[in-house]
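Containing mmCIF, C-alpha atoms: structure_5.cif.
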data_input
#
loop_
_atom_site.label_atom_id
_atom_site.label_comp_id
_atom_site.auth_asym_id
_atom_site.auth_seq_id
_atom_site.Cartn_x
_atom_site.Cartn_y
_atom_site.Cartn_z
CA MET A 222 -5.54 -11.34 6.76
CA HIS A 223 -2.29 -13.33 6.98
CA LYS A 224 -4.25 -16.50 7.85
CA ASN A 225 -6.54 -16.06 4.83
CA SER A 226 -3.54 -15.46 2.57
CA SER A 227 -1.83 -18.66 3.78
CA LEU A 228 -5.03 -20.66 3.28
CA LEU A 229 -5.41 -19.31 -0.25
CA LYS A 230 -1.79 -20.18 -1.04
CA LEU A 231 -2.24 -23.75 0.29
CA THR A 232 -5.43 -24.17 -1.75
CA LEU A 233 -3.72 -22.99 -4.94
CA HIS A 234 -0.83 -25.42 -4.41
CA ILE A 235 -3.20 -28.37 -3.87
CA LEU A 236 -5.36 -27.48 -6.88
CA THR A 237 -2.29 -27.13 -9.10
CA TRP A 238 -1.03 -30.64 -8.34
CA ILE A 239 -4.52 -32.14 -8.64
CA LEU A 240 -4.99 -30.56 -12.07
CA LEU A 241 -1.59 -31.77 -13.22
CA SER A 242 -2.46 -35.30 -12.04
CA LEU A 243 -5.82 -35.29 -13.83
CA PHE A 244 -4.51 -33.68 -17.00
CA PRO A 245 -4.11 -37.04 -18.90
CA PHE A 246 -7.78 -37.83 -18.23
CA PHE A 247 -8.80 -34.54 -19.85
CA LEU A 248 -6.72 -35.36 -22.93
CA SER A 249 -8.18 -38.87 -23.29
CA GLN A 250 -11.86 -37.93 -22.94
CA SER A 251 -12.42 -37.91 -26.69
CA GLU A 252 -10.62 -41.22 -27.24
CA SER A 253 -12.40 -44.55 -27.18
CA VAL A 254 -9.42 -46.51 -25.86
CA SER A 255 -9.27 -47.34 -22.17
CA ILE A 256 -6.74 -45.64 -19.95
CA ASP A 257 -3.54 -47.57 -19.24
CA TYR A 258 -3.12 -46.94 -15.49
CA MET A 259 0.25 -48.67 -15.39
CA ARG A 260 1.61 -46.37 -18.07
CA LEU A 261 -0.05 -43.41 -16.37
CA THR A 262 1.67 -44.30 -13.10
CA LYS A 263 5.10 -44.66 -14.70
CA TYR A 264 5.06 -41.59 -16.90
CA VAL A 265 2.75 -39.13 -15.12
CA TRP A 266 2.01 -39.77 -11.46
CA LEU A 267 5.42 -41.10 -10.46
CA PRO A 268 7.35 -38.18 -12.06
CA LEU A 269 4.85 -35.73 -10.54
CA LEU A 270 5.53 -37.21 -7.10
CA PHE A 271 9.26 -36.65 -7.50
CA TYR A 272 8.72 -33.18 -8.98
CA ALA A 273 6.57 -32.25 -5.98
CA LEU A 274 9.19 -33.57 -3.54
CA ILE A 275 11.98 -31.61 -5.23
CA PHE A 276 9.81 -28.50 -5.39
CA TYR A 277 8.79 -28.50 -1.71
CA ILE A 278 12.19 -29.58 -0.35
CA ASN A 279 13.61 -26.55 -2.14
CA TYR A 280 10.67 -24.30 -1.33
CA PHE A 281 10.60 -24.98 2.41
CA ILE A 282 14.18 -26.01 3.24
CA LEU A 283 17.03 -25.59 0.79
CA ILE A 284 16.29 -22.09 -0.51
CA ASN A 285 15.71 -20.72 2.99
CA HIS A 286 18.68 -22.41 4.68
CA PHE A 287 21.24 -22.28 1.90
CA LEU A 288 20.50 -19.99 -1.04
CA LEU A 289 19.03 -17.02 0.86
CA LYS A 290 21.90 -17.26 3.34
CA ARG A 291 24.42 -17.13 0.47
CA ARG A 292 25.53 -20.73 0.94
CA THR A 293 25.19 -21.32 -2.77
CA LEU A 294 27.61 -24.25 -3.02
CA LEU A 295 25.67 -26.27 -0.42
CA PHE A 296 22.45 -25.42 -2.26
CA ILE A 297 23.85 -26.72 -5.57
CA ILE A 298 25.33 -29.88 -3.99
CA SER A 299 22.06 -30.64 -2.16
CA ASN A 300 20.03 -30.30 -5.34
CA ILE A 301 22.42 -32.43 -7.37
CA PHE A 302 22.11 -35.14 -4.72
CA LEU A 303 18.29 -34.85 -4.74
CA VAL A 304 18.03 -34.98 -8.51
CA LEU A 305 20.40 -37.97 -8.74
CA LEU A 306 18.55 -39.80 -5.96
CA PHE A 307 15.09 -39.26 -7.44
CA THR A 308 16.34 -40.04 -10.96
CA TRP A 309 17.70 -43.37 -9.72
CA LEU A 310 14.51 -44.09 -7.73
CA HIS A 311 12.36 -43.25 -10.72
CA PHE A 312 14.40 -45.55 -12.94
CA GLU A 313 14.28 -48.43 -10.43
CA ILE A 314 10.56 -48.09 -9.71
CA LYS A 315 9.76 -47.99 -13.42
CA ASP A 316 11.87 -51.07 -13.91
CA LEU A 317 10.00 -52.83 -11.10
CA LEU A 318 6.64 -51.84 -12.58
CA ASN A 319 7.78 -53.10 -16.00
CA MET A 320 8.73 -56.44 -14.49
CA ILE A 321 5.34 -56.72 -12.77
CA ALA A 322 3.54 -55.83 -16.00
CA GLU A 323 5.51 -58.39 -18.02
CA THR A 324 5.25 -61.14 -15.40
CA LYS A 325 1.44 -61.26 -15.36
CA PRO A 326 0.88 -62.41 -19.00
CA HIS A 327 3.52 -65.15 -18.65
CA LEU A 328 2.63 -66.55 -15.22
CA ALA A 329 0.40 -69.24 -16.71
CA SER A 330 3.10 -70.58 -19.04
CA GLY A 331 5.93 -69.94 -16.61
CA ASN A 332 7.81 -68.15 -19.38
CA ILE A 333 9.12 -64.94 -17.84
CA ILE A 334 11.30 -62.74 -20.01
CA PRO A 335 12.76 -59.77 -18.11
CA LYS A 336 12.89 -56.58 -20.06
CA LYS A 337 16.28 -55.08 -20.63
CA LYS A 338 16.95 -51.78 -18.83
CA PRO A 339 17.12 -48.68 -21.02
CA PRO A 340 20.53 -47.17 -21.68
CA LEU A 341 22.12 -44.78 -19.19
CA GLN A 342 21.69 -41.79 -21.51
CA TYR A 343 17.93 -42.29 -21.47
CA TYR A 344 17.33 -41.32 -17.86
CA ILE A 345 20.24 -38.86 -17.70
CA TYR A 346 18.86 -36.71 -20.52
CA LYS A 347 15.18 -37.25 -19.75
CA ASP A 348 14.70 -37.73 -16.00
CA PHE A 349 17.72 -35.85 -14.72
CA ILE A 350 17.08 -32.73 -16.77
CA SER A 351 13.32 -32.79 -16.20
CA MET A 352 13.84 -32.95 -12.42
CA ILE A 353 15.86 -29.75 -12.49
CA ILE A 354 12.75 -27.87 -13.64
CA PRO A 355 10.87 -28.10 -10.27
CA MET A 356 13.97 -26.72 -8.54
CA ILE A 357 13.97 -23.70 -10.88
CA ILE A 358 10.23 -23.19 -10.38
CA ALA A 359 10.64 -23.39 -6.59
CA TYR A 360 13.39 -20.78 -6.73
CA THR A 361 11.26 -18.52 -8.95
CA VAL A 362 8.18 -18.82 -6.72
CA LYS A 363 10.14 -18.33 -3.51
CA THR A 364 12.05 -15.29 -4.70
CA SER A 365 8.86 -13.78 -6.15
CA GLU A 366 7.08 -14.23 -2.83
CA ARG A 367 10.06 -12.83 -0.95
CA TRP A 368 10.21 -9.82 -3.27
CA ALA A 369 6.44 -9.25 -2.85
CA LYS A 370 6.81 -9.49 0.94
CA ILE A 371 9.71 -7.01 0.96
CA GLU A 372 7.73 -4.61 -1.23
CA SER A 373 4.68 -4.97 1.03
CA GLU A 374 6.78 -4.30 4.14
CA LYS A 375 8.41 -1.34 2.41
CA LYS A 376 5.03 0.15 1.51
CA GLU A 377 3.78 -0.43 5.05
CA GLU A 378 6.88 1.26 6.44
CA GLU A 379 6.41 4.21 4.08
CA LYS A 380 2.75 4.41 5.07
CA ASN A 381 3.65 4.45 8.78
CA HIS A 382 6.35 7.04 8.14
CA LEU A 383 3.86 9.18 6.21
CA LYS A 384 1.31 8.87 9.01
CA SER A 385 3.94 9.80 11.60
CA GLU A 386 5.13 12.77 9.54
CA LEU A 387 1.58 14.04 9.09
CA GLN A 388 0.96 13.69 12.83
CA ASN A 389 4.10 15.69 13.61
CA LEU A 390 3.08 18.43 11.17
CA LYS A 391 -0.41 18.52 12.65
CA TYR A 392 1.00 18.86 16.16
CA GLN A 393 3.11 21.77 14.91
CA LEU A 394 -0.04 23.38 13.53
CA GLN A 395 -2.06 23.07 16.76
CA PRO A 396 0.10 25.34 18.97
CA HIS A 397 0.33 27.84 16.12
CA PHE A 398 -3.45 27.84 15.75
CA PHE A 399 -3.92 28.05 19.53
CA PHE A 400 -1.49 30.99 19.78
CA ASN A 401 -3.41 33.00 17.15
CA SER A 402 -6.73 32.24 18.85
CA LEU A 403 -5.40 33.34 22.25
CA ASN A 404 -4.35 36.65 20.71
CA THR A 405 -7.96 37.16 19.61
CA ILE A 406 -9.29 36.36 23.11
CA TYR A 407 -6.69 38.61 24.72
CA ALA A 408 -7.88 41.53 22.57
CA LEU A 409 -11.46 40.90 23.72
CA ILE A 410 -10.88 40.65 27.47
CA GLU A 411 -10.74 44.40 28.08
CA LYS A 412 -13.21 45.27 25.34
CA SER A 413 -15.95 42.74 26.24
CA PRO A 414 -15.30 40.19 29.04
CA SER A 415 -18.59 38.37 28.36
CA LEU A 416 -17.76 38.01 24.67
CA ALA A 417 -14.26 36.81 25.60
CA GLN A 418 -15.87 34.15 27.77
CA GLU A 419 -18.04 32.96 24.86
CA THR A 420 -15.00 32.98 22.63
CA VAL A 421 -13.13 30.67 25.02
CA HIS A 422 -16.07 28.27 24.75
CA SER A 423 -15.92 28.46 20.92
CA LEU A 424 -12.18 27.91 21.02
CA GLY A 425 -12.78 24.78 23.12
CA LYS A 426 -15.01 23.37 20.36
CA LEU A 427 -12.41 24.13 17.73
CA MET A 428 -9.62 22.51 19.74
CA ARG A 429 -11.79 19.46 20.37
CA TYR A 430 -12.22 19.09 16.62
CA MET A 431 -8.48 19.41 16.07
CA LEU A 432 -7.57 16.95 18.80
CA TYR A 433 -10.16 14.23 18.29
CA GLU A 434 -12.01 14.51 14.98
CA THR A 435 -8.85 14.69 12.91
CA GLU A 436 -7.11 11.65 14.45
CA GLN A 437 -8.23 9.22 11.71
CA GLY A 438 -6.20 11.00 9.04
CA LYS A 439 -9.23 11.90 6.91
CA VAL A 440 -12.29 14.01 7.69
CA ASN A 441 -15.54 14.80 5.94
CA LEU A 442 -15.20 17.93 3.82
CA ASN A 443 -18.41 19.45 5.21
CA GLU A 444 -17.08 19.05 8.77
CA GLU A 445 -13.89 20.80 7.71
CA LEU A 446 -15.96 23.61 6.19
CA GLU A 447 -17.88 24.03 9.45
CA PHE A 448 -14.60 24.18 11.37
CA MET A 449 -13.29 26.93 9.04
CA LYS A 450 -16.53 28.93 9.40
CA GLN A 451 -16.25 28.82 13.19
CA TYR A 452 -12.62 29.87 13.09
CA ILE A 453 -13.38 32.81 10.77
CA GLU A 454 -16.16 33.91 13.13
CA LEU A 455 -13.68 33.73 15.99
CA MET A 456 -11.21 35.90 14.10
CA ARG A 457 -13.92 38.43 13.15
CA LEU A 458 -14.33 39.34 16.81
CA ARG A 459 -11.04 41.23 16.94
CA LEU A 460 -11.68 43.16 13.70
CA SER A 461 -12.82 46.76 13.38
CA ASP A 462 -15.42 48.11 11.02
CA LYS A 463 -12.65 48.91 8.55
CA THR A 464 -12.34 45.18 7.67
CA LYS A 465 -14.84 43.23 5.60
CA VAL A 466 -14.80 39.44 5.51
CA ASN A 467 -16.71 37.60 2.79
CA VAL A 468 -17.10 33.83 2.96
CA ASN A 469 -18.48 31.52 0.29
CA PHE A 470 -18.52 28.00 1.75
CA PRO A 471 -21.61 26.28 0.33
CA ALA A 472 -22.52 22.84 1.66
CA ILE A 473 -21.15 20.02 -0.48
CA ASP A 474 -23.78 17.56 -1.67
CA GLN A 475 -21.45 14.60 -2.15
CA THR A 476 -19.31 13.01 0.56
CA TYR A 477 -15.61 13.73 0.23
CA GLU A 478 -12.83 12.67 2.61
CA ILE A 479 -9.80 14.93 2.83
CA THR A 480 -6.71 15.43 4.93
CA PRO A 481 -7.78 17.76 7.77
CA LEU A 482 -6.60 21.29 8.52
CA LEU A 483 -5.16 22.01 5.07
CA PHE A 484 -6.93 25.33 4.48
CA ILE A 485 -6.69 26.84 7.96
CA SER A 486 -3.10 28.00 7.34
CA LEU A 487 -4.26 30.03 4.33
CA ILE A 488 -7.05 31.60 6.36
CA GLU A 489 -4.63 32.46 9.17
CA ASN A 490 -2.21 33.92 6.66
CA ALA A 491 -4.94 36.13 5.16
CA PHE A 492 -5.88 37.54 8.57
CA LYS A 493 -2.22 38.07 9.42
CA HIS A 494 -1.24 39.96 6.23
CA GLY A 495 -4.61 41.30 5.08
CA VAL A 496 -5.84 43.33 8.06
CA SER A 497 -4.78 46.88 8.88
CA ALA A 498 -5.79 48.92 11.93
CA THR A 499 -5.70 52.20 9.97
CA HIS A 500 -6.73 51.26 6.40
CA ASN A 501 -9.77 49.63 4.90
CA SER A 502 -9.22 45.89 4.46
CA GLU A 503 -11.08 43.11 2.71
CA LEU A 504 -10.78 39.34 2.93
CA TYR A 505 -12.49 36.75 0.78
CA PHE A 506 -12.60 32.96 1.14
CA SER A 507 -14.33 30.42 -1.07
CA LEU A 508 -14.33 26.66 -1.55
CA ALA A 509 -16.01 24.63 -4.28
CA VAL A 510 -15.77 21.12 -5.72
CA HIS A 511 -15.85 20.52 -9.48
CA GLU A 512 -15.41 17.02 -10.94
CA ASN A 513 -13.71 15.69 -7.81
CA LYS A 514 -11.35 18.64 -7.67
CA ILE A 515 -11.40 20.94 -4.64
CA GLN A 516 -10.75 24.59 -5.40
CA PHE A 517 -9.96 26.87 -2.47
CA ILE A 518 -9.44 30.62 -2.94
CA ALA A 519 -8.18 33.10 -0.35
CA GLU A 520 -7.83 36.81 -1.20
CA ASN A 521 -6.84 39.67 1.04
CA THR A 522 -5.75 43.25 0.85
CA ASN A 523 -1.98 43.06 0.89
CA PHE A 524 -0.31 44.60 3.96
CA PRO A 525 3.01 42.75 4.14
CA LYS A 526 4.67 42.55 7.54
CA ASN A 527 8.07 44.11 8.06
CA GLU A 528 11.02 42.20 9.46
CA LYS A 529 10.46 43.54 13.00
CA ASP A 530 6.92 42.15 13.14
CA LYS A 531 7.04 38.79 14.95
CA SER A 532 3.27 38.17 14.90
CA GLY A 533 3.84 34.97 12.99
CA SER A 534 6.73 32.63 12.36
CA GLY A 535 5.70 31.65 8.84
CA ILE A 536 5.38 28.02 9.91
CA GLY A 537 1.82 27.80 8.56
CA LEU A 538 2.58 27.89 4.82
CA VAL A 539 5.73 25.78 5.14
CA ASN A 540 3.72 23.22 7.09
CA LEU A 541 0.94 23.32 4.47
CA LYS A 542 3.29 22.62 1.56
CA LYS A 543 4.83 19.68 3.39
CA ARG A 544 1.44 18.20 4.20
CA LEU A 545 0.21 18.63 0.62
CA GLU A 546 3.31 16.88 -0.71
CA LEU A 547 2.85 14.00 1.73
CA SER A 548 -0.92 13.61 1.30
CA TYR A 549 -1.45 14.50 -2.36
CA PRO A 550 1.87 14.16 -4.23
CA ASN A 551 1.48 15.24 -7.88
CA HIS A 552 -2.25 15.75 -7.30
CA TYR A 553 -2.38 19.36 -6.18
CA SER A 554 -1.46 22.84 -7.39
CA PHE A 555 -0.67 25.80 -5.17
CA THR A 556 -0.28 29.26 -6.70
CA THR A 557 -0.07 32.79 -5.31
CA LYS A 558 -0.16 36.15 -7.03
CA ILE A 559 -0.41 39.86 -6.30
CA VAL A 560 -2.67 42.02 -8.47
CA GLY A 561 -2.63 45.66 -7.41
CA LEU A 562 -3.24 45.69 -3.65
CA THR A 563 -4.74 42.21 -3.56
CA PHE A 564 -2.86 39.08 -2.62
CA SER A 565 -4.59 35.86 -3.73
CA VAL A 566 -3.99 32.15 -3.22
CA LEU A 567 -5.42 29.31 -5.28
CA LEU A 568 -5.14 25.76 -3.96
CA GLU A 569 -6.52 22.91 -6.06
CA ILE A 570 -6.57 19.29 -4.89
CA ASN A 571 -7.44 16.41 -7.20
CA LEU A 572 -9.36 13.79 -5.21
CA ASN A 573 -9.14 11.22 -8.01
CA GLN A 574 -5.69 10.07 -6.88
CA LYS A 575 -5.35 6.38 -5.98
CA SER A 576 -4.72 5.59 -2.34
#

Encoded form using structure tokens:
Amino acid sequence: MHKNSSLLKLTLHILTWILLSLFPFFLSQSESVSIDYMRLTKYVWLPLLFYALIFYINYFILINHFLLKRRTLLFIISNIFLVLLFTWLHFEIKDLLNMIAETKPHLASGNIIPKKKPPLQYYIYKDFISMIIPMIIAYTVKTSERWAKIESEKKEEEKNHLKSELQNLKYQLQPHFFFNSLNTIYALIEKSPSLAQETVHSLGKLMRYMLYETEQGKVNLNEELEFMKQYIELMRLRLSDKTKVNVNFPAIDQTYEITPLLFISLIENAFKHGVSATHNSELYFSLAVHENKIQFIAENTNFPKNEKDKSGSGIGLVNLKKRLELSYPNHYSFTTKIVGLTFSVLLEINLNQKS
């Protein structure tokens, strides 16, 4: 990528100078008079040569070694010397070309009349000032490129920081998820050893998904739905007949890529606070996509835990909010409410955000 960018930059520089050199030809296409190459050399190509030299000496050397290192006085002195040198050279070369042009018509007669040099003010106000312009352009281009590079590096650093932060949050989620799953298996060991054995196998599949399938930062929404279905089935195994679990996860026709493991914390939270061993309980989960907006709903009978209950640290929802803010800033809404004995959560994610 860097090589292609450098090649493009070099090509643009070359094309710019070529177009500037050929510009007089474009202007004279409609005229019937022939092009005066001597005049073109003196007033177009020769100044362009000096402009290019001033531009690239500043672009590659002076700005880097003096101006960007806060050696401003040396930068100014160097440019004054350059401008004076090239102004003098331009004046002398033009004078030489004038002499050559005037000598040719008079060679036959031997009558050579040297042309008088223009006054000092002529090249001070015309050449000197005009040669300052390439220096200003070089400074503008260089500082613009430097600013763009700094911004690019800053964005890359923020992107890496975001990726690292998301990884850390995901690694926090994995032990939490694993702990809850082990509790389910533990409850099954005495009740049904064979079922506990199958559950360990199911847990292995779920952990494999968490460890490997989610490493890229984004996963297919249908794969995430399948993961949530398997986890809910795993959690069902420890429930009694007093608890009903309804799931509405239809397959999504279109392909959507999302940050993985966003909804599992809400499912865990519903099982943690929505299931009672002595009362009837009901849990409901649904996910749908409308106009590129994911809508996830979790509802459960509300049985809040008391302060002595340490069955969960509360890390799940805190983790979720952090991950949403990092992955979808200003493109999500997260609301909770209690109506009667029902606690409900609505999470909406707008997938139209620009990466």

### Query
Could you name the residues that touch Gln516 (chain A) at 6 Å or less, counting all atoms listed in the file, but leaving out those on the same chain fewer than 6 positions away, as an MDAnalysis selection string?
chainID A and resid 508:509 568:569

#### Entry: Between CA of Thr522 (chain A) and CA of Gly495 (chain A) - distance in Å to one decimal
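Atom-to-atom, CA of Gly495 (chain A) and CA of Thr522 (chain A) are spaced 4.8 Å apart.
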
### Task
Apply the PyMOL selection byres ((chain A and resi 351-362) around 12) to the displayed file and report the matching residues as an NGL selection string.
:A and (230 or 234 or 267-285 or 287-289 or 296-297 or 299-309 or 311 or 343-350 or 363-369)

### Task
Would you list the contacts of region 431-445 of chain A as a PyMOL selection string, taking every protein, DNA or RNA residue within 8 Å and counting all atoms listed in the file, but skipping same-chain residues closer than 2 positions in sequence?
chain A and resi 384+395+427-429+447-449+472-473+476-482

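The two atoms in question, CA of Ile570 (chain A) and CA of Tyr549 (chain A), are spaced 7.5 Å apart.
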
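Nearest residue to Val510 (chain A) among A:Val265, A:Leu572, A:Val466, A:Leu409 is A:Leu572, counting all atoms listed in the file.
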
Centre, edges in Å (one decimal): axis-aligned box, region 425-437 of chain A, 6 Å padding on all six sides, as lines of an AutoDock Vina configuration file:
center_x = -11.1
center_y = 17.0
center_z = 17.4
size_x = 19.9
size_y = 27.6
size_z = 23.4

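Between CA of Asn513 (chain A) and CA of Asn571 (chain A) there is a distance of 6.3 Å.
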
### Query
Care to translate the PyMOL selection byres ((chain A and resi 541) around 9) into actual residues of this file, as an NGL selection string?
:A and (390 or 482-484 or 486-487 or 536-540 or 542-546)

### Query
Of the residues A:Ile518, A:Phe524, A:Ser461, A:Ser226, which is the one nearest to Phe555 (chain A), using only C-alpha atoms?
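Closest candidate: A:Ile518.
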
## Note on the structure
With distances taken over all atoms listed in the file, the candidate from A:Ala491, A:Leu231, A:Val496, A:Ile321 nearest Ser565 (chain A) is A:Ala491

### Task
Kindly indicate which residue among A:Tyr407, A:Pro525, A:Ser402, A:Lys412 lies nearest to Leu424 (chain A), using only C-alpha atoms for the distances.
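Closest residue, counting only C-alpha atoms: A:Ser402.
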
How would region 503-512 of chain A look with all heavy atoms restored, written as a PDB file, in the coordinates of the input?
ATOM      1  N   GLU A 503     -10.050  44.043   3.180  1.00  0.00           N
ATOM      2  CA  GLU A 503     -11.080  43.110   2.710  1.00  0.00           C
ATOM      3  C   GLU A 503     -10.475  41.718   2.544  1.00  0.00           C
ATOM      4  O   GLU A 503      -9.392  41.567   1.971  1.00  0.00           O
ATOM      5  CB  GLU A 503     -11.676  43.591   1.396  1.00  0.00           C
ATOM      6  CG  GLU A 503     -12.886  42.783   0.960  1.00  0.00           C
ATOM      7  CD  GLU A 503     -13.618  43.413  -0.215  1.00  0.00           C
ATOM      8  OE1 GLU A 503     -13.279  44.558  -0.593  1.00  0.00           O
ATOM      9  OE2 GLU A 503     -14.517  42.734  -0.762  1.00  0.00           O
ATOM     10  N   LEU A 504     -11.199  40.742   3.044  1.00  0.00           N
ATOM     11  CA  LEU A 504     -10.780  39.340   2.930  1.00  0.00           C
ATOM     12  C   LEU A 504     -11.891  38.547   2.288  1.00  0.00           C
ATOM     13  O   LEU A 504     -13.082  38.805   2.541  1.00  0.00           O
ATOM     14  CB  LEU A 504     -10.445  38.742   4.305  1.00  0.00           C
ATOM     15  CG  LEU A 504      -9.182  39.227   5.022  1.00  0.00           C
ATOM     16  CD1 LEU A 504      -9.443  40.538   5.743  1.00  0.00           C
ATOM     17  CD2 LEU A 504      -8.702  38.195   6.041  1.00  0.00           C
ATOM     18  N   TYR A 505     -11.504  37.585   1.479  1.00  0.00           N
ATOM     19  CA  TYR A 505     -12.490  36.750   0.780  1.00  0.00           C
ATOM     20  C   TYR A 505     -11.994  35.299   0.775  1.00  0.00           C
ATOM     21  O   TYR A 505     -10.830  35.019   0.463  1.00  0.00           O
ATOM     22  CB  TYR A 505     -12.685  37.242  -0.655  1.00  0.00           C
ATOM     23  CG  TYR A 505     -13.521  36.319  -1.509  1.00  0.00           C
ATOM     24  CD1 TYR A 505     -14.904  36.272  -1.361  1.00  0.00           C
ATOM     25  CD2 TYR A 505     -12.925  35.499  -2.462  1.00  0.00           C
ATOM     26  CE1 TYR A 505     -15.686  35.434  -2.144  1.00  0.00           C
ATOM     27  CE2 TYR A 505     -13.691  34.653  -3.257  1.00  0.00           C
ATOM     28  CZ  TYR A 505     -15.072  34.621  -3.083  1.00  0.00           C
ATOM     29  OH  TYR A 505     -15.833  33.786  -3.855  1.00  0.00           O
ATOM     30  N   PHE A 506     -12.908  34.388   1.142  1.00  0.00           N
ATOM     31  CA  PHE A 506     -12.600  32.960   1.140  1.00  0.00           C
ATOM     32  C   PHE A 506     -13.713  32.195   0.427  1.00  0.00           C
ATOM     33  O   PHE A 506     -14.899  32.488   0.639  1.00  0.00           O
ATOM     34  CB  PHE A 506     -12.469  32.416   2.566  1.00  0.00           C
ATOM     35  CG  PHE A 506     -11.498  33.176   3.429  1.00  0.00           C
ATOM     36  CD1 PHE A 506     -11.966  34.051   4.406  1.00  0.00           C
ATOM     37  CD2 PHE A 506     -10.133  33.039   3.253  1.00  0.00           C
ATOM     38  CE1 PHE A 506     -11.086  34.764   5.210  1.00  0.00           C
ATOM     39  CE2 PHE A 506      -9.235  33.737   4.047  1.00  0.00           C
ATOM     40  CZ  PHE A 506      -9.714  34.605   5.024  1.00  0.00           C
ATOM     41  N   SER A 507     -13.318  31.254  -0.409  1.00  0.00           N
ATOM     42  CA  SER A 507     -14.330  30.420  -1.070  1.00  0.00           C
ATOM     43  C   SER A 507     -13.783  29.016  -1.262  1.00  0.00           C
ATOM     44  O   SER A 507     -12.568  28.808  -1.378  1.00  0.00           O
ATOM     45  CB  SER A 507     -14.743  31.021  -2.429  1.00  0.00           C
ATOM     46  OG  SER A 507     -13.721  30.804  -3.385  1.00  0.00           O
ATOM     47  N   LEU A 508     -14.701  28.054  -1.288  1.00  0.00           N
ATOM     48  CA  LEU A 508     -14.330  26.660  -1.550  1.00  0.00           C
ATOM     49  C   LEU A 508     -15.441  26.015  -2.371  1.00  0.00           C
ATOM     50  O   LEU A 508     -16.626  26.161  -2.053  1.00  0.00           O
ATOM     51  CB  LEU A 508     -14.100  25.880  -0.253  1.00  0.00           C
ATOM     52  CG  LEU A 508     -13.543  24.453  -0.432  1.00  0.00           C
ATOM     53  CD1 LEU A 508     -12.587  24.101   0.704  1.00  0.00           C
ATOM     54  CD2 LEU A 508     -14.672  23.427  -0.482  1.00  0.00           C
ATOM     55  N   ALA A 509     -15.047  25.332  -3.427  1.00  0.00           N
ATOM     56  CA  ALA A 509     -16.010  24.630  -4.280  1.00  0.00           C
ATOM     57  C   ALA A 509     -15.382  23.339  -4.767  1.00  0.00           C
ATOM     58  O   ALA A 509     -14.159  23.183  -4.775  1.00  0.00           O
ATOM     59  CB  ALA A 509     -16.412  25.513  -5.465  1.00  0.00           C
ATOM     60  N   VAL A 510     -16.229  22.406  -5.188  1.00  0.00           N
ATOM     61  CA  VAL A 510     -15.770  21.120  -5.720  1.00  0.00           C
ATOM     62  C   VAL A 510     -16.336  20.956  -7.123  1.00  0.00           C
ATOM     63  O   VAL A 510     -17.557  21.037  -7.326  1.00  0.00           O
ATOM     64  CB  VAL A 510     -16.201  19.940  -4.833  1.00  0.00           C
ATOM     65  CG1 VAL A 510     -15.699  18.624  -5.420  1.00  0.00           C
ATOM     66  CG2 VAL A 510     -15.699  20.115  -3.403  1.00  0.00           C
ATOM     67  N   HIS A 511     -15.447  20.750  -8.088  1.00  0.00           N
ATOM     68  CA  HIS A 511     -15.850  20.520  -9.480  1.00  0.00           C
ATOM     69  C   HIS A 511     -15.157  19.270  -9.993  1.00  0.00           C
ATOM     70  O   HIS A 511     -13.920  19.221 -10.044  1.00  0.00           O
ATOM     71  CB  HIS A 511     -15.490  21.721 -10.367  1.00  0.00           C
ATOM     72  CG  HIS A 511     -16.063  23.023  -9.912  1.00  0.00           C
ATOM     73  ND1 HIS A 511     -17.401  23.313 -10.003  1.00  0.00           N
ATOM     74  CD2 HIS A 511     -15.468  24.100  -9.335  1.00  0.00           C
ATOM     75  CE1 HIS A 511     -17.620  24.532  -9.526  1.00  0.00           C
ATOM     76  NE2 HIS A 511     -16.454  25.029  -9.111  1.00  0.00           N
ATOM     77  N   GLU A 512     -15.956  18.268 -10.367  1.00  0.00           N
ATOM     78  CA  GLU A 512     -15.410  17.020 -10.940  1.00  0.00           C
ATOM     79  C   GLU A 512     -14.308  16.432 -10.063  1.00  0.00           C
ATOM     80  O   GLU A 512     -13.198  16.154 -10.510  1.00  0.00           O
ATOM     81  CB  GLU A 512     -14.895  17.271 -12.360  1.00  0.00           C
ATOM     82  CG  GLU A 512     -15.986  17.717 -13.318  1.00  0.00           C
ATOM     83  CD  GLU A 512     -15.449  17.970 -14.720  1.00  0.00           C
ATOM     84  OE1 GLU A 512     -14.208  17.950 -14.879  1.00  0.00           O
ATOM     85  OE2 GLU A 512     -16.262  18.175 -15.629  1.00  0.00           O
TER      86      GLU A 512
END
